[in-house]
file my_file.cif (mmCIF, C-alpha atoms)
data_work
#
loop_
_atom_site.label_atom_id
_atom_site.label_comp_id
_atom_site.auth_asym_id
_atom_site.auth_seq_id
_atom_site.Cartn_x
_atom_site.Cartn_y
_atom_site.Cartn_z
CA MET A 108 16.62 17.52 9.98
CA LYS A 109 13.59 19.72 9.60
CA ASP A 110 13.27 18.96 5.91
CA ALA A 111 13.93 15.29 6.21
CA GLY A 112 11.06 12.84 6.41
CA PRO A 113 9.29 10.57 6.79
CA TRP A 114 9.97 9.04 10.12
CA ILE A 115 7.62 6.79 11.93
CA ASP A 116 7.08 7.25 15.64
CA PRO A 117 4.62 4.61 16.76
CA LEU A 118 5.75 5.09 20.35
CA LYS A 119 2.79 7.39 20.28
CA TYR A 120 1.28 6.15 17.05
CA ALA A 121 0.98 2.45 17.41
CA ASP A 122 1.29 -0.33 14.88
CA SER A 123 1.00 -3.37 17.06
CA LYS A 124 -2.33 -3.81 18.81
CA PRO A 125 -5.17 -3.65 16.31
CA ASP A 126 -7.42 -1.88 18.83
CA LEU A 127 -4.84 0.67 19.93
CA PRO A 128 -4.34 3.06 16.99
CA LYS A 129 -7.75 4.76 17.23
CA GLU A 130 -7.06 6.01 20.72
CA THR A 131 -3.42 6.89 20.10
CA ILE A 132 -4.22 8.60 16.82
CA GLU A 133 -6.68 10.87 18.62
CA THR A 134 -3.96 11.72 21.15
CA ALA A 135 -1.48 12.29 18.33
CA LYS A 136 -3.81 14.71 16.56
CA LYS A 137 -3.89 16.89 19.70
CA VAL A 138 -0.09 17.24 19.55
CA GLY A 139 -0.52 19.50 16.55
CA PRO A 140 1.43 19.84 13.32
CA LEU A 141 4.74 18.02 13.28
CA THR A 142 7.89 18.79 11.32
CA TYR A 143 8.16 15.20 10.20
CA THR A 144 5.80 12.68 8.65
CA VAL A 145 4.30 9.98 10.86
CA LEU A 146 3.02 6.86 9.16
CA ILE A 147 1.04 3.93 10.51
CA ASP A 148 2.18 0.48 9.51
CA GLU A 149 -0.44 -1.94 10.78
CA LYS A 150 0.82 -4.79 8.63
CA HIS A 151 4.52 -4.41 9.42
CA LEU A 152 5.31 -3.75 5.77
CA VAL A 153 8.44 -1.69 6.45
CA SER A 154 9.88 -4.32 8.81
CA LYS A 155 9.21 -6.94 6.15
CA LEU A 156 10.76 -4.95 3.28
CA TYR A 157 13.84 -3.89 5.25
CA ASN A 158 14.27 -7.05 7.40
CA MET A 159 14.02 -5.04 10.62
CA VAL A 160 14.24 -7.02 13.85
CA ASN A 161 13.67 -4.49 16.62
CA VAL A 162 12.58 -0.96 17.43
CA PRO A 163 13.74 1.72 17.24
CA THR A 164 15.38 0.92 13.92
CA GLY A 165 16.72 3.69 11.69
CA VAL A 166 17.72 3.73 8.02
CA TRP A 167 19.39 6.64 6.25
CA ILE A 168 18.29 7.15 2.66
CA ASP A 169 19.92 9.71 0.38
CA GLU A 170 18.36 12.07 -2.17
CA LYS A 171 18.49 9.37 -4.85
CA GLY A 172 16.64 6.85 -2.72
CA ARG A 173 19.79 4.86 -1.90
CA ILE A 174 20.45 3.39 1.51
CA VAL A 175 23.59 4.93 3.02
CA ARG A 176 23.25 3.44 6.51
CA PRO A 177 21.12 0.32 6.92
CA ASN A 178 19.13 -0.96 9.91
CA GLU A 179 20.59 0.00 13.26
CA VAL A 180 19.36 1.08 16.66
CA ALA A 181 18.26 4.70 16.31
CA PHE A 182 17.61 6.59 19.53
CA VAL A 183 17.10 10.29 18.93
CA ASP A 184 16.51 11.08 22.61
CA ASP A 185 17.39 9.56 25.97
CA ARG A 186 13.99 8.34 27.11
CA PHE A 187 15.24 4.72 27.25
CA LYS A 188 18.79 5.44 28.34
CA ASN A 189 18.27 3.83 31.75
CA PHE A 190 17.21 0.61 30.06
CA SER A 191 19.63 0.50 27.14
CA GLY A 192 22.62 2.36 28.50
CA LEU A 193 22.83 4.08 25.10
CA ASP A 194 23.39 7.81 24.88
CA SER A 195 21.61 9.35 21.89
CA ALA A 196 24.10 12.23 21.48
CA PRO A 197 26.71 10.46 19.26
CA TYR A 198 24.00 9.13 16.95
CA LEU A 199 22.27 12.51 16.70
CA SER A 200 25.58 14.17 16.00
CA ALA A 201 26.29 11.62 13.23
CA LEU A 202 22.85 12.26 11.76
CA LYS A 203 23.43 16.02 11.71
CA ASP A 204 26.84 15.48 10.12
CA TRP A 205 25.24 13.51 7.29
CA ALA A 206 22.45 16.11 6.90
CA GLU A 207 25.13 18.76 6.34
CA LYS A 208 27.78 16.86 4.38
CA GLY A 209 25.79 14.20 2.55
CA ASP A 210 27.99 11.59 0.85
CA LYS A 211 31.10 13.22 2.29
CA SER A 212 30.03 12.43 5.85
CA ALA A 213 32.20 9.80 7.56
CA PHE A 214 29.02 8.14 8.73
CA VAL A 215 27.95 7.15 5.24
CA MET A 216 28.86 3.48 4.93
CA SER A 217 31.09 2.19 2.15
CA GLU A 218 29.36 0.22 -0.58
CA ASP A 219 31.22 -2.96 0.43
CA ARG A 220 30.15 -2.63 4.04
CA LEU A 221 26.57 -1.91 2.95
CA ARG A 222 26.49 -4.98 0.72
CA GLU A 223 27.90 -7.07 3.52
CA LYS A 224 25.15 -5.89 5.85
CA LEU A 225 22.31 -6.08 3.33
CA SER A 226 23.16 -9.25 1.43
CA ALA A 227 21.50 -11.73 3.80
CA ASN A 228 18.85 -13.25 1.55
CA ASP A 229 18.02 -16.07 3.93
CA PRO A 230 14.94 -18.06 2.83
CA ASN A 231 14.15 -18.70 6.50
CA ILE A 232 13.76 -14.95 7.05
CA ALA A 233 11.28 -14.70 4.17
CA GLN A 234 9.39 -17.76 5.43
CA ALA A 235 9.35 -16.31 8.96
CA ALA A 236 7.72 -13.14 7.60
CA ALA A 237 5.02 -15.26 5.93
CA GLU A 238 4.32 -17.22 9.13
CA PHE A 239 4.14 -13.95 11.05
CA GLY A 240 1.77 -12.48 8.45
CA LEU A 241 -0.45 -15.53 8.70
CA GLY A 242 -0.47 -15.25 12.50
CA GLU A 243 -1.55 -11.61 12.19
CA GLN A 244 -4.30 -12.51 9.72
CA LEU A 245 -5.65 -15.26 12.01
CA TYR A 246 -5.49 -12.98 15.05
CA LYS A 247 -7.33 -10.18 13.25
CA SER A 248 -9.99 -12.54 11.93
CA GLY A 249 -10.90 -13.69 15.45
CA HIS A 250 -8.61 -16.70 15.91
CA PRO A 251 -6.03 -15.60 18.49
CA GLU A 252 -5.29 -19.15 19.67
CA GLU A 253 -4.77 -20.47 16.16
CA ALA A 254 -2.38 -17.57 15.51
CA ILE A 255 0.04 -18.72 18.24
CA PRO A 256 1.69 -21.68 16.42
CA HIS A 257 2.39 -19.44 13.44
CA PHE A 258 3.90 -16.69 15.61
CA LYS A 259 6.04 -19.37 17.26
CA GLU A 260 7.16 -20.65 13.87
CA ALA A 261 8.12 -17.09 12.83
CA GLN A 262 10.14 -16.74 16.04
CA ARG A 263 11.87 -20.10 15.41
CA LEU A 264 12.75 -19.27 11.79
CA ASN A 265 14.04 -15.77 12.57
CA PRO A 266 15.26 -15.93 16.18
CA LYS A 267 16.99 -12.54 15.85
CA SER A 268 13.65 -10.77 15.47
CA TRP A 269 12.53 -9.15 18.69
CA ASN A 270 9.65 -7.70 16.69
CA TYR A 271 8.17 -11.19 16.17
CA LYS A 272 8.57 -11.98 19.83
CA ARG A 273 7.28 -8.74 21.27
CA GLN A 274 4.36 -8.42 18.87
CA ALA A 275 3.20 -11.98 19.60
CA TRP A 276 3.57 -11.52 23.35
CA ALA A 277 1.64 -8.22 23.17
CA LEU A 278 -1.28 -10.05 21.56
CA SER A 279 -1.47 -12.76 24.22
CA ASP A 280 -0.53 -13.75 27.74
CA ALA A 281 3.19 -14.30 27.10
CA LYS A 282 3.73 -16.44 30.18
CA ARG A 283 0.76 -18.69 29.49
CA ASP A 284 1.09 -18.97 25.71
CA TYR A 285 4.85 -18.68 25.16
CA GLY A 286 6.20 -19.72 28.57
CA THR A 287 8.29 -16.57 28.86
CA SER A 288 8.29 -12.80 29.30
CA PHE A 289 10.23 -9.87 27.87
CA LYS A 290 12.26 -9.56 31.07
CA GLU A 291 13.17 -13.26 31.11
CA GLU A 292 14.30 -13.15 27.49
CA VAL A 293 16.35 -10.00 28.04
CA ASP A 294 17.97 -11.56 31.12
CA LYS A 295 18.80 -14.66 29.06
CA ILE A 296 20.95 -12.66 26.63
CA GLY A 297 22.79 -10.85 29.44
CA GLY A 298 20.49 -7.98 30.41
CA SER A 299 19.11 -4.77 28.96
CA LYS A 300 22.51 -3.14 28.47
CA VAL A 301 23.32 -5.63 25.68
CA TYR A 302 19.77 -5.80 24.31
CA TYR A 303 20.52 -3.11 21.72
CA PRO A 304 23.76 -3.50 19.73
CA PRO A 305 25.09 0.09 19.61
CA PRO A 306 25.32 1.74 16.18
CA GLU A 307 28.69 1.40 14.44
CA LEU A 308 29.90 4.99 14.44
CA PRO A 309 33.45 5.82 13.37
CA GLY A 310 35.34 7.45 16.23
CA GLU A 311 36.53 10.37 14.20
CA LYS A 312 34.77 12.37 11.56
CA LYS A 313 36.39 13.31 8.28
CA PRO A 314 37.59 16.94 8.38
CA MET B 81 -38.34 -56.91 -3.23
CA LYS B 82 -39.00 -53.50 -4.76
CA ALA B 83 -38.51 -51.85 -1.39
CA ASN B 84 -35.02 -53.31 -1.13
CA ILE B 85 -33.76 -52.05 -4.48
CA LEU B 86 -34.54 -48.38 -3.97
CA PRO B 87 -32.24 -47.73 -0.96
CA GLY B 88 -29.47 -49.56 -2.87
CA LEU B 89 -29.82 -47.19 -5.81
CA LEU B 90 -29.86 -44.15 -3.57
CA LEU B 91 -26.69 -45.27 -1.86
CA ILE B 92 -24.89 -45.64 -5.19
CA LEU B 93 -25.98 -42.17 -6.29
CA LEU B 94 -24.66 -40.63 -3.08
CA LEU B 95 -21.31 -42.34 -3.41
CA VAL B 96 -20.92 -40.90 -6.88
CA ALA B 97 -21.95 -37.39 -5.92
CA LEU B 98 -19.93 -36.91 -2.70
CA PRO B 99 -16.28 -36.91 -3.83
CA ALA B 100 -16.89 -34.21 -6.44
CA ALA B 101 -18.78 -31.94 -4.02
CA ALA B 102 -16.20 -32.36 -1.23
CA LYS B 103 -13.38 -30.98 -3.35
CA GLU B 104 -14.38 -27.33 -3.19
CA ILE B 105 -13.84 -25.46 0.04
CA HIS B 106 -14.01 -21.97 1.47
CA ALA B 107 -10.54 -20.47 1.65
CA THR B 108 -8.86 -17.23 2.62
CA MET B 109 -5.77 -16.11 0.77
CA VAL B 110 -3.68 -13.13 1.82
CA TYR B 111 -1.76 -11.61 -1.08
CA ASP B 112 0.12 -8.30 -0.85
CA ASP B 113 -1.27 -8.19 2.70
CA VAL B 114 -4.86 -8.07 1.46
CA ALA B 115 -7.17 -10.92 2.50
CA THR B 116 -9.60 -12.35 -0.06
CA ASP B 117 -12.19 -15.06 0.66
CA THR B 118 -13.43 -17.51 -1.89
CA ALA B 119 -16.12 -20.18 -1.73
CA ALA B 120 -14.59 -22.15 -4.57
CA ALA B 121 -11.07 -23.32 -3.77
CA ARG B 122 -9.48 -26.74 -3.84
CA ASP B 123 -7.00 -27.89 -1.25
CA GLU B 124 -4.94 -30.78 -2.56
CA ALA B 125 -2.44 -31.76 0.13
CA GLY B 126 -1.85 -28.11 1.02
CA GLN B 127 -1.73 -26.98 -2.62
CA LEU B 128 -4.24 -24.19 -3.20
CA TRP B 129 -6.14 -24.31 -6.49
CA ILE B 130 -8.33 -21.32 -7.29
CA THR B 131 -10.25 -20.22 -10.36
CA THR B 132 -8.52 -17.81 -12.70
CA ALA B 133 -11.32 -15.34 -11.87
CA ASP B 134 -10.33 -15.55 -8.18
CA LEU B 135 -6.66 -15.28 -9.16
CA LYS B 136 -7.36 -11.90 -10.72
CA ARG B 137 -9.58 -10.80 -7.83
CA ALA B 138 -7.08 -11.77 -5.11
CA THR B 139 -3.75 -10.99 -6.77
CA ARG B 140 -4.50 -8.91 -9.91
CA PHE B 141 -2.43 -11.50 -11.84
CA GLU B 142 -3.94 -12.92 -15.02
CA VAL B 143 -3.04 -15.95 -17.09
CA LYS B 144 -2.01 -14.77 -20.57
CA PRO B 145 -0.32 -16.58 -23.48
CA GLN B 146 3.04 -15.11 -22.41
CA GLY B 147 2.68 -16.10 -18.75
CA VAL B 148 1.11 -15.01 -15.50
CA CYS B 149 1.04 -11.25 -15.69
CA ARG B 150 0.19 -8.14 -13.70
CA ASP B 151 0.81 -4.78 -15.35
CA GLU B 152 4.38 -4.86 -16.69
CA LEU B 153 5.33 -7.88 -14.62
CA CYS B 154 5.11 -11.29 -16.35
CA PHE B 155 6.24 -14.73 -15.17
CA PRO B 156 6.29 -17.33 -17.99
CA LEU B 157 5.04 -20.78 -17.00
CA PRO B 158 7.48 -23.57 -17.99
CA LYS B 159 5.94 -25.22 -21.08
CA ALA B 160 6.58 -28.79 -19.95
CA ARG B 161 5.01 -28.15 -16.56
CA GLN B 162 1.75 -26.41 -17.53
CA GLN B 163 -0.34 -29.08 -15.81
CA GLU B 164 1.27 -28.20 -12.46
CA PHE B 165 -0.24 -24.73 -12.71
CA LEU B 166 -3.36 -24.97 -14.87
CA ARG B 167 -6.26 -27.39 -15.03
CA LYS B 168 -9.25 -26.91 -17.31
CA THR B 169 -12.67 -28.16 -16.22
CA PRO B 170 -14.91 -26.11 -18.56
CA PRO B 171 -16.18 -23.54 -18.01
CA VAL B 172 -13.69 -23.10 -15.17
CA VAL B 173 -9.91 -22.85 -15.41
CA TRP B 174 -8.14 -23.70 -12.15
CA PHE B 175 -4.81 -22.19 -11.16
CA ASN B 176 -2.41 -23.57 -8.56
CA LEU B 177 -1.40 -20.46 -6.60
CA THR B 178 1.00 -22.35 -4.31
CA ALA B 179 2.87 -23.89 -7.28
CA PHE B 180 3.11 -20.40 -8.79
CA ALA B 181 4.50 -19.13 -5.46
CA ALA B 182 7.24 -21.80 -5.60
CA LEU B 183 8.03 -20.76 -9.19
CA VAL B 184 8.52 -17.09 -8.21
CA HIS B 185 10.30 -17.93 -4.92
CA GLN B 186 7.51 -16.60 -2.75
CA PRO B 187 7.16 -17.98 0.78
CA VAL B 188 3.74 -19.40 1.70
CA ALA B 189 2.38 -20.01 5.19
CA HIS B 190 -0.69 -22.21 5.52
CA ASP B 191 -3.18 -22.94 8.27
CA ALA B 192 -4.97 -26.12 7.22
CA ALA B 193 -7.69 -26.00 9.90
CA LEU B 194 -8.77 -22.48 8.93
CA SER B 195 -8.06 -22.92 5.19
CA THR B 196 -5.97 -19.77 5.16
CA TRP B 197 -2.90 -19.16 3.00
CA TYR B 198 -0.53 -16.22 3.40
CA PHE B 199 1.70 -15.32 0.45
CA GLY B 200 4.83 -13.35 1.38
CA LEU B 201 7.19 -11.21 -0.66
CA ARG B 202 8.23 -12.69 -4.00
CA ALA B 203 11.96 -12.82 -4.81
CA ASP B 204 11.55 -9.84 -7.15
CA GLN B 205 10.12 -7.82 -4.24
CA ARG B 206 13.00 -8.81 -1.94
CA GLN B 207 15.81 -7.87 -4.33
CA GLY B 208 15.65 -4.18 -3.46
CA LEU B 209 17.98 -4.46 -0.50
CA SER B 210 20.90 -6.03 -2.35
CA SER B 211 20.69 -3.26 -4.99
CA LEU B 212 21.15 -0.79 -2.08
CA GLN B 213 18.05 1.03 -3.33
CA ALA B 214 15.63 1.66 -0.46
CA PRO B 215 12.48 -0.42 -1.05
CA ASP B 216 9.53 1.86 -1.74
CA PHE B 217 6.32 1.69 0.30
CA THR B 218 3.10 3.61 0.68
CA LEU B 219 1.46 3.99 4.09
CA PRO B 220 -1.18 6.28 5.59
CA ASP B 221 -0.49 9.09 8.04
CA ILE B 222 -2.67 9.68 11.11
CA ASN B 223 -5.34 11.35 8.95
CA GLY B 224 -5.39 8.46 6.50
CA LYS B 225 -3.54 10.33 3.76
CA PRO B 226 -1.14 8.02 1.90
CA HIS B 227 2.56 8.87 1.62
CA SER B 228 5.20 7.02 -0.38
CA LEU B 229 8.89 6.94 0.35
CA SER B 230 9.46 7.89 -3.30
CA ASP B 231 7.57 11.19 -2.66
CA PHE B 232 10.66 12.28 -0.72
CA ARG B 233 13.11 11.74 -3.60
CA GLY B 234 15.49 14.70 -3.73
CA LYS B 235 15.62 14.96 0.07
CA LYS B 236 17.52 12.99 2.65
CA VAL B 237 15.23 10.66 4.56
CA PHE B 238 15.74 9.47 8.10
CA LEU B 239 13.39 6.52 8.44
CA VAL B 240 12.72 5.31 11.98
CA THR B 241 10.29 2.67 13.14
CA TRP B 242 8.77 2.39 16.58
CA ALA B 243 6.13 0.12 18.03
CA SER B 244 3.57 0.41 20.79
CA TRP B 245 4.30 -2.69 22.86
#

call {"tool": "encode", "arguments": {"input": "my_file.cif", "output": "structure tokens"}}
result
Amino acid sequence: MKDAGPWIDPLKYADSKPDLPKETIETAKKVGPLTYTVLIDEKHLVSKLYNMVNVPTGVWIDEKGRIVRPNEVAFVDDRFKNFSGLDSAPYLSALKDWAEKGDKSAFVMSEDRLREKLSANDPNIAQAAAEFGLGEQLYKSGHPEEAIPHFKEAQRLNPKSWNYKRQAWALSDAKRDYGTSFKEEVDKIGGSKVYYPPPELPGEKKP
Amino acid sequence: MKANILPGLLLILLLVALPAAAKEIHATMVYDDVATDTAAARDEAGQLWITTADLKRATRFEVKPQGVCRDELCFPLPKARQQEFLRKTPPVVWFNLTAFAALVHQPVAHDAALSTWYFGLRADQRQGLSSLQAPDFTLPDINGKPHSLSDFRGKKVFLVTWASW
């Protein structure tokens, strides 16, 4: 995938805490030249445009700018395997298959399946993004307490979004302001092994 | 007797002057994720009225005979409902940005106490996904250099997002 880009790795290059990027960017610069493009998305534009609800989220886009696999969990190494129980090898192998075979890869989704997955034009999701954006604006302009009701409204309108939960918790004392914690919420849904829905990969590749 | 009349006159003058002055407020509007402050906005039950000069400054949209336009993009205002969007108090023309948002199916979030309005993605900006075309974006790299997804046309792109929490 050397020629493929961009991909965004804010594990090291943050997009969440407004005061974090400066320090992490300095660290990132010491890593040296990378074979992929790293972008910083302070305003969560990509999540908003693609309706992403968690990280890591991957999207495959072909040479014509068309989505061939939409949002899905996208581990390219095993650094969180203990938490998620997900092995990155099948996903990486699928990615390499697509890099080689393009549209002929079995991992390219059919147009019907893509439409099914991308058709959700729920007004609540759009409204949630606006409430979240307002919360961010209030937080950044020195009103962290006033941001909280808007973050909560975003979480209520789009309950599937872990991004809205985790970002809001990261900007506050989750227990005090939201009455919860990441661990409690993960336990509520049945633990970390079901936190990430595994990518839908066909069992067998086309010859 | 004279001393009693003067305070009465003053009181009447104040009553006349106050409602007009109280209408204009400081407001912050976030459009395309860029925040713009204005000292001359009107909040009418959550509806945000701004001057057409501020409309251009905050959104780059302008009111033209054919509609509310920015570059190639133009949204006609329904003829019978002009007064919902435009109000002329010469020399100022006021524009209802929240009514316009409803017209173009754009979500709005409002914080009344801090007079802040956030305008989300319009319907035309959200249609990309159903066309299966990957929505384009431009973001800076760690050195501040901007990159657009469309710069990578002709190559396969593996787009992955991470966060720092």

call {"tool": "residues_around", "arguments": {"input": "my_file.cif", "residues": "region 227-236 of chain A", "least_positions_apart": "6", "cutoff": "9 Å", "atoms": "only C-alpha atoms", "output": "number ranges by chain"}}
result
A: 155, 158, 257-258, 260-265, 271; B: 186-189, 200-202, 206-207, 210

call {"tool": "residues_around", "arguments": {"input": "my_file.cif", "residues": "region 170-183 of chain A", "least_positions_apart": "2", "cutoff": "6 Å", "atoms": "all atoms listed in the file", "output": "PyMOL selection string"}}
result
(chain A and resi 163-168+195+215-216+306) or (chain B and resi 212-214+233-236)

call {"tool": "resolve_selection", "arguments": {"input": "my_file.cif", "expression": "the PyMOL selection byres ((chain B and resi 156) around 6)", "output": "PDB file with C-alpha atoms, keeping the file's coordinate frame"}}
result
ATOM      1  CA  GLN B 146       3.040 -15.110 -22.410  1.00  0.00           C
ATOM      2  CA  GLY B 147       2.680 -16.100 -18.750  1.00  0.00           C
ATOM      3  CA  PHE B 155       6.240 -14.730 -15.170  1.00  0.00           C
ATOM      4  CA  LEU B 157       5.040 -20.780 -17.000  1.00  0.00           C
TER       5      LEU B 157
END

call {"tool": "atom_distance", "arguments": {"input": "my_file.cif", "atom1": "CA of Asp210 (chain A)", "atom2": "CA of Thr241 (chain B)"}}
result
23.3 Å

call {"tool": "closest_residue", "arguments": {"input": "my_file.cif", "among": "A:Gln274, A:Ser268, A:Thr142, A:Ser200", "to": "chain B", "atoms": "only C-alpha atoms"}}
result
A:Gln274

call {"tool": "resolve_selection", "arguments": {"input": "my_file.cif", "expression": "the PyMOL selection byres ((chain A and resi 278) around 12)", "output": "PyMOL selection string"}}
result
(chain A and resi 123-127+242-243+245-247+249-252+254-255+258+271-277+279-285) or (chain B and resi 244-245)

call {"tool": "write_last_selection", "arguments": {"input": "my_file.cif", "atoms": "C-alpha atoms", "output": "short mmCIF file (atom, residue, chain, number, x, y, z; two decimals), keeping the file's coordinate frame"}}
result
data_model
loop_
_atom_site.label_atom_id
_atom_site.label_comp_id
_atom_site.auth_asym_id
_atom_site.auth_seq_id
_atom_site.Cartn_x
_atom_site.Cartn_y
_atom_site.Cartn_z
CA SER A 123 1.00 -3.37 17.06
CA LYS A 124 -2.33 -3.81 18.81
CA PRO A 125 -5.17 -3.65 16.31
CA ASP A 126 -7.42 -1.88 18.83
CA LEU A 127 -4.84 0.67 19.93
CA GLY A 242 -0.47 -15.25 12.50
CA GLU A 243 -1.55 -11.61 12.19
CA LEU A 245 -5.65 -15.26 12.01
CA TYR A 246 -5.49 -12.98 15.05
CA LYS A 247 -7.33 -10.18 13.25
CA GLY A 249 -10.90 -13.69 15.45
CA HIS A 250 -8.61 -16.70 15.91
CA PRO A 251 -6.03 -15.60 18.49
CA GLU A 252 -5.29 -19.15 19.67
CA ALA A 254 -2.38 -17.57 15.51
CA ILE A 255 0.04 -18.72 18.24
CA PHE A 258 3.90 -16.69 15.61
CA TYR A 271 8.17 -11.19 16.17
CA LYS A 272 8.57 -11.98 19.83
CA ARG A 273 7.28 -8.74 21.27
CA GLN A 274 4.36 -8.42 18.87
CA ALA A 275 3.20 -11.98 19.60
CA TRP A 276 3.57 -11.52 23.35
CA ALA A 277 1.64 -8.22 23.17
CA SER A 279 -1.47 -12.76 24.22
CA ASP A 280 -0.53 -13.75 27.74
CA ALA A 281 3.19 -14.30 27.10
CA LYS A 282 3.73 -16.44 30.18
CA ARG A 283 0.76 -18.69 29.49
CA ASP A 284 1.09 -18.97 25.71
CA TYR A 285 4.85 -18.68 25.16
CA SER B 244 3.57 0.41 20.79
CA TRP B 245 4.30 -2.69 22.86
#

call {"tool": "atom_distance", "arguments": {"input": "my_file.cif", "atom1": "CA of Thr169 (chain B)", "atom2": "CA of Lys144 (chain B)"}}
result
17.7 Å

call {"tool": "atom_distance", "arguments": {"input": "my_file.cif", "atom1": "CA of Gly192 (chain A)", "atom2": "CA of Ala206 (chain A)"}}
result
25.6 Å

call {"tool": "closest_residue", "arguments": {"input": "my_file.cif", "among": "B:Thr218, B:Ser195, B:Thr116, B:Gln163", "to": "Thr139 (chain B)", "atoms": "all atoms listed in the file"}}
result
B:Thr116

call {"tool": "closest_residue", "arguments": {"input": "my_file.cif", "among": "A:Pro197, A:Pro309, A:Pro140, A:Gly240", "to": "chain B", "atoms": "only C-alpha atoms"}}
result
A:Gly240

call {"tool": "closest_residue", "arguments": {"input": "my_file.cif", "among": "B:Pro220, B:Arg161, B:Asp231, B:Ala125", "to": "chain A", "atoms": "all atoms listed in the file"}}
result
B:Pro220

call {"tool": "resolve_selection", "arguments": {"input": "my_file.cif", "expression": "the PyMOL selection byres ((chain B and resi 117) around 6)", "output": "short mmCIF file (atom, residue, chain, number, x, y, z; two decimals) with C-alpha atoms, keeping the file's coordinate frame"}}
result
data_model
loop_
_atom_site.label_atom_id
_atom_site.label_comp_id
_atom_site.auth_asym_id
_atom_site.auth_seq_id
_atom_site.Cartn_x
_atom_site.Cartn_y
_atom_site.Cartn_z
CA ALA B 107 -10.54 -20.47 1.65
CA THR B 108 -8.86 -17.23 2.62
CA THR B 116 -9.60 -12.35 -0.06
CA THR B 118 -13.43 -17.51 -1.89
#

call {"tool": "closest_residue", "arguments": {"input": "my_file.cif", "among": "A:Leu241, A:Ala213, A:Arg186, A:Asn161", "to": "chain B", "atoms": "only C-alpha atoms"}}
result
A:Leu241

call {"tool": "closest_residue", "arguments": {"input": "my_file.cif", "among": "B:Val172, B:Arg167, B:Asp221, B:Ser228", "to": "chain A", "atoms": "only C-alpha atoms"}}
result
B:Asp221

call {"tool": "residues_around", "arguments": {"input": "my_file.cif", "residues": "Gly126 (chain B)", "least_positions_apart": "6", "cutoff": "12 Å", "atoms": "all atoms listed in the file", "output": "list in words"}}
result
Ala107, Asn176, Leu177, Thr178, Ala179, Val188, Ala189, His190, Asp191, Ala192, Ala193, Leu194, Ser195, Thr196 and Trp197 of chain B

call {"tool": "write_last_selection", "arguments": {"input": "my_file.cif", "atoms": "C-alpha atoms", "output": "mmCIF file, keeping the file's coordinate frame"}}
result
data_model
loop_
_atom_site.group_PDB
_atom_site.id
_atom_site.type_symbol
_atom_site.label_atom_id
_atom_site.label_comp_id
_atom_site.auth_asym_id
_atom_site.auth_seq_id
_atom_site.Cartn_x
_atom_site.Cartn_y
_atom_site.Cartn_z
ATOM 1 C CA ALA B 107 -10.540 -20.470 1.650
ATOM 2 C CA ASN B 176 -2.410 -23.570 -8.560
ATOM 3 C CA LEU B 177 -1.400 -20.460 -6.600
ATOM 4 C CA THR B 178 1.000 -22.350 -4.310
ATOM 5 C CA ALA B 179 2.870 -23.890 -7.280
ATOM 6 C CA VAL B 188 3.740 -19.400 1.700
ATOM 7 C CA ALA B 189 2.380 -20.010 5.190
ATOM 8 C CA HIS B 190 -0.690 -22.210 5.520
ATOM 9 C CA ASP B 191 -3.180 -22.940 8.270
ATOM 10 C CA ALA B 192 -4.970 -26.120 7.220
ATOM 11 C CA ALA B 193 -7.690 -26.000 9.900
ATOM 12 C CA LEU B 194 -8.770 -22.480 8.930
ATOM 13 C CA SER B 195 -8.060 -22.920 5.190
ATOM 14 C CA THR B 196 -5.970 -19.770 5.160
ATOM 15 C CA TRP B 197 -2.900 -19.160 3.000
#

call {"tool": "decode", "arguments": {"input": "my_file.cif", "residues": "region 192-214 of chain B", "atoms": "C-alpha atoms", "output": "short mmCIF file (atom, residue, chain, number, x, y, z; two decimals), in the first residue's frame"}}
result
data_model
loop_
_atom_site.label_atom_id
_atom_site.label_comp_id
_atom_site.auth_asym_id
_atom_site.auth_seq_id
_atom_site.Cartn_x
_atom_site.Cartn_y
_atom_site.Cartn_z
CA ALA B 192 -29.37 30.86 23.72
CA ALA B 193 -27.36 31.93 26.78
CA LEU B 194 -24.16 32.39 24.76
CA SER B 195 -25.93 33.60 21.58
CA THR B 196 -24.11 31.02 19.50
CA TRP B 197 -25.50 29.23 16.46
CA TYR B 198 -23.83 26.27 14.74
CA PHE B 199 -24.85 25.48 11.16
CA GLY B 200 -24.19 21.88 10.09
CA LEU B 201 -23.93 20.25 6.69
CA ARG B 202 -26.62 21.26 4.20
CA ALA B 203 -28.52 18.48 2.40
CA ASP B 204 -26.47 19.13 -0.75
CA GLN B 205 -23.28 18.51 1.26
CA ARG B 206 -24.66 15.26 2.72
CA GLN B 207 -25.72 13.72 -0.59
CA GLY B 208 -22.23 12.51 -1.44
CA LEU B 209 -22.56 9.25 0.44
CA SER B 210 -25.67 8.01 -1.35
CA SER B 211 -23.98 8.67 -4.72
CA LEU B 212 -21.19 6.32 -3.51
CA GLN B 213 -18.70 9.07 -4.38
CA ALA B 214 -16.30 9.66 -1.48
#
